>>> print(open('target_34.pdb').read())   # PDB, C-alpha atoms, pLDDT in the B column
ATOM      1  CA  MET A 105      -3.301  -6.570  19.466  1.00 36.00           C
ATOM      2  CA  LYS A 106      -5.796  -6.237  16.621  1.00 43.00           C
ATOM      3  CA  GLN A 107      -9.002  -4.339  17.218  1.00 42.00           C
ATOM      4  CA  PRO A 108     -11.520  -2.350  15.179  1.00 39.00           C
ATOM      5  CA  SER A 109      -9.991   1.019  14.358  1.00 43.00           C
ATOM      6  CA  GLN A 110     -11.612   4.133  15.799  1.00 49.00           C
ATOM      7  CA  ASN A 111      -9.815   6.326  13.236  1.00 69.00           C
ATOM      8  CA  PHE A 112     -10.795   4.114  10.327  1.00 79.00           C
ATOM      9  CA  GLU A 113     -14.239   2.926  11.403  1.00 77.00           C
ATOM     10  CA  ASN A 114     -15.938   5.087   8.763  1.00 84.00           C
ATOM     11  CA  LEU A 115     -14.544   2.723   6.104  1.00 89.00           C
ATOM     12  CA  HIS A 116     -16.763  -0.165   7.239  1.00 91.00           C
ATOM     13  CA  GLY A 117     -19.523  -0.739   4.685  1.00 94.00           C
ATOM     14  CA  MET A 118     -17.980   1.558   2.066  1.00 95.00           C
ATOM     15  CA  LYS A 119     -17.717   0.153  -1.464  1.00 97.00           C
ATOM     16  CA  ILE A 120     -14.268   0.466  -3.021  1.00 97.00           C
ATOM     17  CA  HIS A 121     -14.374   1.409  -6.682  1.00 96.00           C
ATOM     18  CA  GLN A 122     -10.618   1.846  -7.293  1.00 96.00           C
ATOM     19  CA  TRP A 123      -7.209   1.990  -5.608  1.00 95.00           C
ATOM     20  CA  ILE A 124      -4.571   4.455  -6.879  1.00 95.00           C
ATOM     21  CA  GLY A 125      -1.106   4.774  -5.380  1.00 94.00           C
ATOM     22  CA  THR A 126       2.260   6.408  -5.841  1.00 93.00           C
ATOM     23  CA  GLU A 127       4.419   3.323  -6.257  1.00 92.00           C
ATOM     24  CA  MET A 128       8.063   3.453  -5.256  1.00 90.00           C
ATOM     25  CA  ALA A 129      10.612   1.185  -6.932  1.00 87.00           C
ATOM     26  CA  VAL A 130      12.154  -1.473  -4.695  1.00 84.00           C
ATOM     27  CA  ASP A 131      15.554  -0.632  -6.200  1.00 82.00           C
ATOM     28  CA  ILE A 132      16.306   2.654  -7.971  1.00 81.00           C
ATOM     29  CA  GLY A 133      19.038   0.991 -10.014  1.00 77.00           C
ATOM     30  CA  PRO A 134      20.003   1.526 -12.662  1.00 80.00           C
ATOM     31  CA  PRO A 135      17.979  -0.167 -13.930  1.00 82.00           C
ATOM     32  CA  VAL A 136      14.911   0.717 -11.873  1.00 82.00           C
ATOM     33  CA  VAL A 137      13.320  -2.418 -10.357  1.00 82.00           C
ATOM     34  CA  TRP A 138       9.595  -2.320  -9.540  1.00 82.00           C
ATOM     35  CA  THR A 139       9.251  -5.872  -8.224  1.00 80.00           C
ATOM     36  CA  ASP A 140      11.278  -8.926  -7.405  1.00 79.00           C
ATOM     37  CA  ASP A 141      10.175 -12.515  -6.769  1.00 79.00           C
ATOM     38  CA  SER A 142      11.667 -12.307  -3.261  1.00 82.00           C
ATOM     39  CA  ILE A 143       9.483  -9.292  -2.363  1.00 82.00           C
ATOM     40  CA  LYS A 144       5.898 -10.105  -1.464  1.00 82.00           C
ATOM     41  CA  TYR A 145       4.852  -6.460  -1.121  1.00 87.00           C
ATOM     42  CA  LEU A 146       3.918  -3.459  -3.173  1.00 91.00           C
ATOM     43  CA  GLN A 147       5.698  -0.328  -1.870  1.00 92.00           C
ATOM     44  CA  LEU A 148       3.802   2.971  -1.976  1.00 94.00           C
ATOM     45  CA  PHE A 149       4.508   6.555  -0.997  1.00 92.00           C
ATOM     46  CA  ASP A 150       0.788   7.246  -0.593  1.00 92.00           C
ATOM     47  CA  LEU A 151      -2.547   5.637  -1.424  1.00 94.00           C
ATOM     48  CA  ASP A 152      -5.997   6.844  -2.502  1.00 94.00           C
ATOM     49  CA  ILE A 153      -9.028   4.614  -2.078  1.00 94.00           C
ATOM     50  CA  HIS A 154     -11.889   5.744  -4.306  1.00 94.00           C
ATOM     51  CA  PHE A 155     -15.405   4.746  -3.283  1.00 94.00           C
ATOM     52  CA  SER A 156     -18.541   4.181  -5.346  1.00 96.00           C
ATOM     53  CA  ASP A 157     -20.172   7.285  -3.768  1.00 94.00           C
ATOM     54  CA  ASN A 158     -17.443   9.458  -5.405  1.00 91.00           C
ATOM     55  CA  THR A 159     -15.571  10.071  -2.120  1.00 89.00           C
ATOM     56  CA  LEU A 160     -11.992   9.110  -1.434  1.00 90.00           C
ATOM     57  CA  GLU A 161      -9.640   8.526   1.479  1.00 90.00           C
ATOM     58  CA  HIS A 162      -5.940   9.417   1.244  1.00 90.00           C
ATOM     59  CA  PHE A 163      -3.536   7.254   3.293  1.00 89.00           C
ATOM     60  CA  VAL A 164       0.083   7.926   4.211  1.00 86.00           C
ATOM     61  CA  SER A 165       2.643   6.410   6.527  1.00 86.00           C
ATOM     62  CA  ARG A 166       5.004   8.783   8.265  1.00 78.00           C
ATOM     63  CA  LEU A 167       8.084   8.473  10.432  1.00 72.00           C
ATOM     64  CA  ASP A 168       9.304  11.383  12.524  1.00 67.00           C
ATOM     65  CA  GLU A 169      11.381   9.858  15.294  1.00 61.00           C
ATOM     66  CA  ASP A 170      12.037  13.218  17.002  1.00 61.00           C
ATOM     67  CA  CYS A 171       8.315  13.812  17.531  1.00 55.00           C
ATOM     68  CA  ASN A 172       7.342  10.146  17.995  1.00 58.00           C
ATOM     69  CA  TYR A 173       4.967  10.611  15.030  1.00 61.00           C
ATOM     70  CA  TYR A 174       4.814   7.603  12.761  1.00 71.00           C
ATOM     71  CA  GLY A 175       2.500   4.983  11.349  1.00 79.00           C
ATOM     72  CA  PHE A 176      -0.681   5.245   9.318  1.00 79.00           C
ATOM     73  CA  HIS A 177      -2.680   8.406   8.958  1.00 77.00           C
ATOM     74  CA  LYS A 178      -5.503   9.619   6.781  1.00 79.00           C
ATOM     75  CA  GLU A 179      -4.855  13.053   5.354  1.00 74.00           C
ATOM     76  CA  GLN A 180      -6.934  15.470   3.337  1.00 69.00           C
ATOM     77  CA  ALA A 181      -5.889  15.095  -0.272  1.00 70.00           C
ATOM     78  CA  GLU A 182      -5.357  18.389  -2.085  1.00 71.00           C
ATOM     79  CA  SER A 183      -6.403  16.561  -5.233  1.00 76.00           C
ATOM     80  CA  PRO A 184      -6.882  12.886  -6.146  1.00 80.00           C
ATOM     81  CA  LEU A 185      -3.912  10.929  -7.455  1.00 80.00           C
ATOM     82  CA  VAL A 186      -3.980  10.503 -11.239  1.00 82.00           C
ATOM     83  CA  SER A 187      -2.120   7.692 -13.031  1.00 77.00           C
ATOM     84  CA  ILE A 188       1.112   8.843 -14.683  1.00 72.00           C
ATOM     85  CA  ASP A 189       3.529   6.529 -16.481  1.00 69.00           C
ATOM     86  CA  ALA A 190       7.074   6.622 -15.163  1.00 62.00           C
ATOM     87  CA  GLU A 191      10.039   7.501 -17.332  1.00 66.00           C
ATOM     88  CA  ASP A 192      12.774   4.846 -17.502  1.00 62.00           C
ATOM     89  CA  SER A 193      14.852   6.629 -14.852  1.00 59.00           C
ATOM     90  CA  ASP A 194      11.969   7.492 -12.486  1.00 83.00           C
ATOM     91  CA  PHE A 195      11.665   5.579  -9.227  1.00 86.00           C
ATOM     92  CA  LEU A 196       8.119   6.803  -8.508  1.00 89.00           C
ATOM     93  CA  ARG A 197       5.008   6.254 -10.593  1.00 90.00           C
ATOM     94  CA  ILE A 198       1.346   6.887  -9.927  1.00 92.00           C
ATOM     95  CA  ARG A 199      -0.894   4.084 -11.106  1.00 91.00           C
ATOM     96  CA  THR A 200      -4.197   2.349 -10.555  1.00 93.00           C
ATOM     97  CA  LEU A 201      -3.769  -0.867  -8.576  1.00 94.00           C
ATOM     98  CA  PRO A 202      -5.990  -3.458 -10.298  1.00 93.00           C
ATOM     99  CA  GLU A 203      -4.351  -6.264  -8.305  1.00 91.00           C
ATOM    100  CA  LEU A 204      -6.116  -4.993  -5.162  1.00 94.00           C
ATOM    101  CA  PRO A 205      -9.724  -6.125  -4.607  1.00 94.00           C
ATOM    102  CA  VAL A 206     -12.732  -3.867  -5.058  1.00 95.00           C
ATOM    103  CA  GLY A 207     -16.087  -4.201  -3.342  1.00 96.00           C
ATOM    104  CA  VAL A 208     -17.575  -3.632   0.101  1.00 96.00           C
ATOM    105  CA  ILE A 209     -15.306  -3.244   3.131  1.00 94.00           C
ATOM    106  CA  ASP A 210     -16.410  -5.860   5.670  1.00 91.00           C
ATOM    107  CA  GLN A 211     -14.082  -4.892   8.490  1.00 90.00           C
ATOM    108  CA  VAL A 212     -10.991  -2.832   9.388  1.00 90.00           C
ATOM    109  CA  GLU A 213      -8.425  -3.899  11.982  1.00 89.00           C
ATOM    110  CA  TYR A 214      -5.213  -2.271  13.081  1.00 87.00           C
ATOM    111  CA  ASP A 215      -2.094  -3.015  15.090  1.00 87.00           C
ATOM    112  CA  GLN A 216      -0.741  -0.490  17.566  1.00 83.00           C
ATOM    113  CA  ASP A 217       2.663  -0.433  19.166  1.00 82.00           C
ATOM    114  CA  ASP A 218       3.440   0.461  22.788  1.00 82.00           C
ATOM    115  CA  HIS A 219       3.163   4.167  21.910  1.00 77.00           C
ATOM    116  CA  LYS A 220      -0.371   3.729  20.474  1.00 79.00           C
ATOM    117  CA  GLN A 221       0.842   4.389  16.919  1.00 80.00           C
ATOM    118  CA  ILE A 222      -0.927   2.452  14.147  1.00 85.00           C
ATOM    119  CA  THR A 223       1.764   0.423  12.386  1.00 86.00           C
ATOM    120  CA  ALA A 224      -0.411  -1.982  10.392  1.00 89.00           C
ATOM    121  CA  LEU A 225      -3.923  -2.030   8.943  1.00 90.00           C
ATOM    122  CA  THR A 226      -5.980  -4.891   7.590  1.00 90.00           C
ATOM    123  CA  ILE A 227      -8.900  -3.935   5.367  1.00 92.00           C
ATOM    124  CA  TYR A 228     -11.235  -6.829   4.581  1.00 92.00           C
ATOM    125  CA  VAL A 229     -12.813  -6.333   1.165  1.00 92.00           C
ATOM    126  CA  GLU A 230     -15.537  -8.909   0.609  1.00 87.00           C
ATOM    127  CA  SER A 231     -13.580 -11.288   2.875  1.00 79.00           C
ATOM    128  CA  ARG A 232     -10.190 -10.736   1.195  1.00 88.00           C
ATOM    129  CA  ALA A 233      -7.600  -9.318   3.566  1.00 90.00           C
ATOM    130  CA  VAL A 234      -5.617  -6.336   2.264  1.00 93.00           C
ATOM    131  CA  LYS A 235      -2.709  -5.914   4.690  1.00 92.00           C
ATOM    132  CA  LEU A 236      -0.888  -2.598   4.921  1.00 92.00           C
ATOM    133  CA  TRP A 237       2.279  -2.037   6.959  1.00 91.00           C
ATOM    134  CA  SER A 238       4.240   1.080   7.759  1.00 89.00           C
ATOM    135  CA  GLY A 239       7.548   0.037   6.236  1.00 89.00           C
ATOM    136  CA  PHE A 240      10.232   0.273   3.593  1.00 86.00           C
ATOM    137  CA  ILE A 241      11.992  -2.149   1.255  1.00 87.00           C
ATOM    138  CA  ASP A 242      15.732  -1.534   1.370  1.00 87.00           C
ATOM    139  CA  CYS A 243      18.084  -3.004  -1.231  1.00 82.00           C
ATOM    140  CA  VAL A 244      21.683  -3.460  -0.131  1.00 81.00           C
ATOM    141  CA  ASP A 245      24.139  -5.567  -2.148  1.00 81.00           C
ATOM    142  CA  ASP A 246      21.279  -6.983  -4.242  1.00 77.00           C
ATOM    143  CA  GLN A 247      19.534  -8.254  -1.076  1.00 83.00           C
ATOM    144  CA  PHE A 248      16.123  -6.938  -0.034  1.00 85.00           C
ATOM    145  CA  LYS A 249      15.336  -6.171   3.584  1.00 86.00           C
ATOM    146  CA  ILE A 250      12.025  -5.025   5.105  1.00 85.00           C
ATOM    147  CA  ILE A 251      12.278  -2.190   7.628  1.00 82.00           C
ATOM    148  CA  LYS A 252       9.271  -1.468   9.873  1.00 81.00           C
ATOM    149  CA  PRO A 253       8.007   1.111  10.787  1.00 76.00           C
ATOM    150  CA  GLU A 254       9.056   3.560   8.087  1.00 79.00           C
ATOM    151  CA  ASP A 255       7.767   6.361   5.858  1.00 84.00           C
ATOM    152  CA  PHE A 256       6.124   4.183   3.240  1.00 90.00           C
ATOM    153  CA  ILE A 257       3.210   1.776   2.829  1.00 93.00           C
ATOM    154  CA  LEU A 258       3.783  -1.915   2.139  1.00 93.00           C
ATOM    155  CA  ILE A 259       0.741  -3.825   0.841  1.00 93.00           C
ATOM    156  CA  LYS A 260       0.005  -7.532   0.554  1.00 87.00           C
ATOM    157  CA  VAL A 261      -3.302  -9.195  -0.375  1.00 73.00           C
ATOM    158  CA  GLU A 262      -3.787 -12.585   1.280  1.00 69.00           C
ATOM    159  CA  GLU A 263      -1.466 -15.011  -0.523  1.00 52.00           C
ATOM    160  CA  VAL A 264      -1.713 -13.075  -3.772  1.00 50.00           C
ATOM    161  CA  TYR A 265       0.801 -10.265  -3.758  1.00 46.00           C
ATOM    162  CA  PRO A 266       0.779  -7.061  -5.762  1.00 52.00           C
ATOM    163  CA  GLY A 267       3.574  -5.697  -7.866  1.00 49.00           C
ATOM    164  CA  PHE A 268       3.277  -7.896 -10.921  1.00 40.00           C
ATOM    165  CA  TYR A 269       1.123  -5.377 -12.741  1.00 38.00           C
ATOM    166  CA  SER A 270       4.195  -3.579 -13.971  1.00 36.00           C
ATOM    167  CA  GLY A 271       3.370  -3.780 -17.641  1.00 35.00           C
ATOM    168  CA  ALA A 272       5.725  -5.962 -19.603  1.00 28.00           C
ATOM    169  CA  GLN A 273       8.192  -6.529 -16.760  1.00 31.00           C
ATOM    170  CA  LYS A 274       6.595  -9.648 -15.274  1.00 29.00           C
ATOM    171  CA  ALA A 275       3.334 -11.546 -15.266  1.00 28.00           C
ATOM    172  CA  ALA A 276       1.860 -13.143 -12.157  1.00 30.00           C
ATOM    173  CA  PRO A 277       1.834 -16.938 -12.012  1.00 31.00           C
ATOM    174  CA  ALA A 278      -1.316 -18.321 -13.636  1.00 33.00           C
ATOM    175  CA  GLU A 279      -2.808 -19.552 -10.360  1.00 33.00           C
ATOM    176  CA  LYS A 280      -2.503 -16.067  -8.880  1.00 28.00           C
ATOM    177  CA  GLN A 281      -4.187 -14.144 -11.688  1.00 30.00           C
ATOM    178  CA  ARG A 282      -7.765 -12.950 -11.387  1.00 27.00           C
TER
END
>>> encode(input="target_34.pdb", output="structure tokens")
Amino acid sequence: MKQPSQNFENLHGMKIHQWIGTEMAVDIGPPVVWTDDSIKYLQLFDLDIHFSDNTLEHFVSRLDEDCNYYGFHKEQAESPLVSIDAEDSDFLRIRTLPELPVGVIDQVEYDQDDHKQITALTIYVESRAVKLWSGFIDCVDDQFKIIKPEDFILIKVEEVYPGFYSGAQKAAPAEKQR
């Protein structure tokens, strides 16, 4: 059931200036694979949302089955994420996420499971839905599988999906570019 989030209600009306995340490769290879046409999600370890008033919110997704602690959480960031290019063998890279919309947050919704854990968030940015899931992209025998909930953040924006901003690797189809 979707409902306005009590934990995330302070986001309503905030103006997003920038998104920065620690991206995790969908396949650590070799070679390292950042995106695949069959994957409609960007996979992140954590996410910073920077606002026009110079504040930020730090998001994580955690899974601790022994303590029944999982899903989305906001945590105090020790310091803001700063973009760092990945080496060829790295499977993590910190980068700005220009494929995600900026502007005023119109609304925040969340999904809870039977244990009242937040497993999905939808942040509406000037009417564009940014959907975040607690999940993981697993690659087994060159096949990708989505596992939910999990320790990571999967992001999709409406019908436009992130992940194509990986430099020279791939370009988004022309109708999906902004």
>>> residues_around(input="target_34.pdb", residues="Phe155 in chain A", least_positions_apart="3", cutoff="10 Å", atoms="only C-alpha atoms", output="ChimeraX atom specification")
/A:115,118-123,152,158-161,206-208
>>> atom_distance(input="target_34.pdb", atom1="CA of Cys243 in chain A", atom2="CA of Trp138 in chain A")
11.9 Å
>>> closest_residue(input="target_34.pdb", among="A:Val212, A:Leu146, A:Ile153, A:Val136", to="Ile259 in chain A", atoms="only C-alpha atoms")
A:Leu146
>>> residues_around(input="target_34.pdb", residues="range 247-256 of chain A", least_positions_apart="3", cutoff="6 Å", atoms="all atoms listed in the file", output="short mmCIF file (atom, residue, chain, number, x, y, z; two decimals) with C-alpha atoms, keeping the file's coordinate frame")
data_model
loop_
_atom_site.label_atom_id
_atom_site.label_comp_id
_atom_site.auth_asym_id
_atom_site.auth_seq_id
_atom_site.Cartn_x
_atom_site.Cartn_y
_atom_site.Cartn_z
CA LEU A 148 3.80 2.97 -1.98
CA PHE A 149 4.51 6.56 -1.00
CA SER A 165 2.64 6.41 6.53
CA ARG A 166 5.00 8.78 8.26
CA LEU A 167 8.08 8.47 10.43
CA SER A 238 4.24 1.08 7.76
CA GLY A 239 7.55 0.04 6.24
CA PHE A 240 10.23 0.27 3.59
CA ILE A 241 11.99 -2.15 1.25
CA ASP A 242 15.73 -1.53 1.37
CA CYS A 243 18.08 -3.00 -1.23
CA VAL A 244 21.68 -3.46 -0.13
#
>>> resolve_selection(input="target_34.pdb", expression="the PyMOL selection byres ((chain A and resi 125) around 8)", output="ChimeraX atom specification")
/A:123-124,126-127,148-152,185,198-201
>>> resolve_selection(input="target_34.pdb", expression="the PyMOL selection byres ((chain A and resi 235) around 6)", output="ChimeraX atom specification")
/A:225-226,234,236,259-260
>>> decode(input="target_34.pdb", residues="range 201-245 of chain A", atoms="C-alpha atoms", output="CSV table (one decimal), in the first residue's frame")
chain,number,residue,atom,x,y,z
A,201,LEU,CA,23.6,11.1,-11.8
A,202,PRO,CA,22.5,13.6,-14.5
A,203,GLU,CA,19.9,11.1,-15.8
A,204,LEU,CA,17.8,11.7,-12.7
A,205,PRO,CA,15.5,14.8,-12.7
A,206,VAL,CA,16.2,17.9,-10.7
A,207,GLY,CA,13.6,20.4,-9.4
A,208,VAL,CA,11.0,20.5,-6.7
A,209,ILE,CA,9.8,17.4,-4.9
A,210,ASP,CA,6.0,17.3,-5.4
A,211,GLN,CA,5.3,14.1,-3.3
A,212,VAL,CA,7.0,11.1,-1.7
A,213,GLU,CA,5.3,7.7,-1.4
A,214,TYR,CA,6.6,4.4,0.0
A,215,ASP,CA,5.7,0.8,0.1
A,216,GLN,CA,5.9,-1.2,3.3
A,217,ASP,CA,5.9,-4.9,3.7
A,218,ASP,CA,4.1,-6.9,6.4
A,219,HIS,CA,6.9,-6.1,8.9
A,220,LYS,CA,6.5,-2.3,8.3
A,221,GLN,CA,9.8,-2.1,6.5
A,222,ILE,CA,10.1,0.4,3.7
A,223,THR,CA,11.0,-1.6,0.6
A,224,ALA,CA,10.3,1.0,-2.1
A,225,LEU,CA,10.1,4.8,-2.4
A,226,THR,CA,8.7,7.0,-5.2
A,227,ILE,CA,9.9,10.6,-5.2
A,228,TYR,CA,8.0,12.8,-7.6
A,229,VAL,CA,10.2,15.5,-9.0
A,230,GLU,CA,8.1,18.1,-10.9
A,231,SER,CA,5.7,15.2,-11.8
A,232,ARG,CA,8.4,12.7,-12.9
A,233,ALA,CA,8.4,9.6,-10.8
A,234,VAL,CA,11.8,8.5,-9.5
A,235,LYS,CA,11.3,4.9,-8.2
A,236,LEU,CA,13.7,3.4,-5.7
A,237,TRP,CA,13.7,-0.2,-4.6
A,238,SER,CA,15.6,-2.1,-2.0
A,239,GLY,CA,17.2,-4.7,-4.3
A,240,PHE,CA,20.2,-6.2,-6.1
A,241,ILE,CA,21.0,-7.2,-9.6
A,242,ASP,CA,22.5,-10.6,-9.7
A,243,CYS,CA,24.3,-12.0,-12.8
A,244,VAL,CA,24.5,-15.8,-13.1
A,245,ASP,CA,25.5,-17.5,-16.3
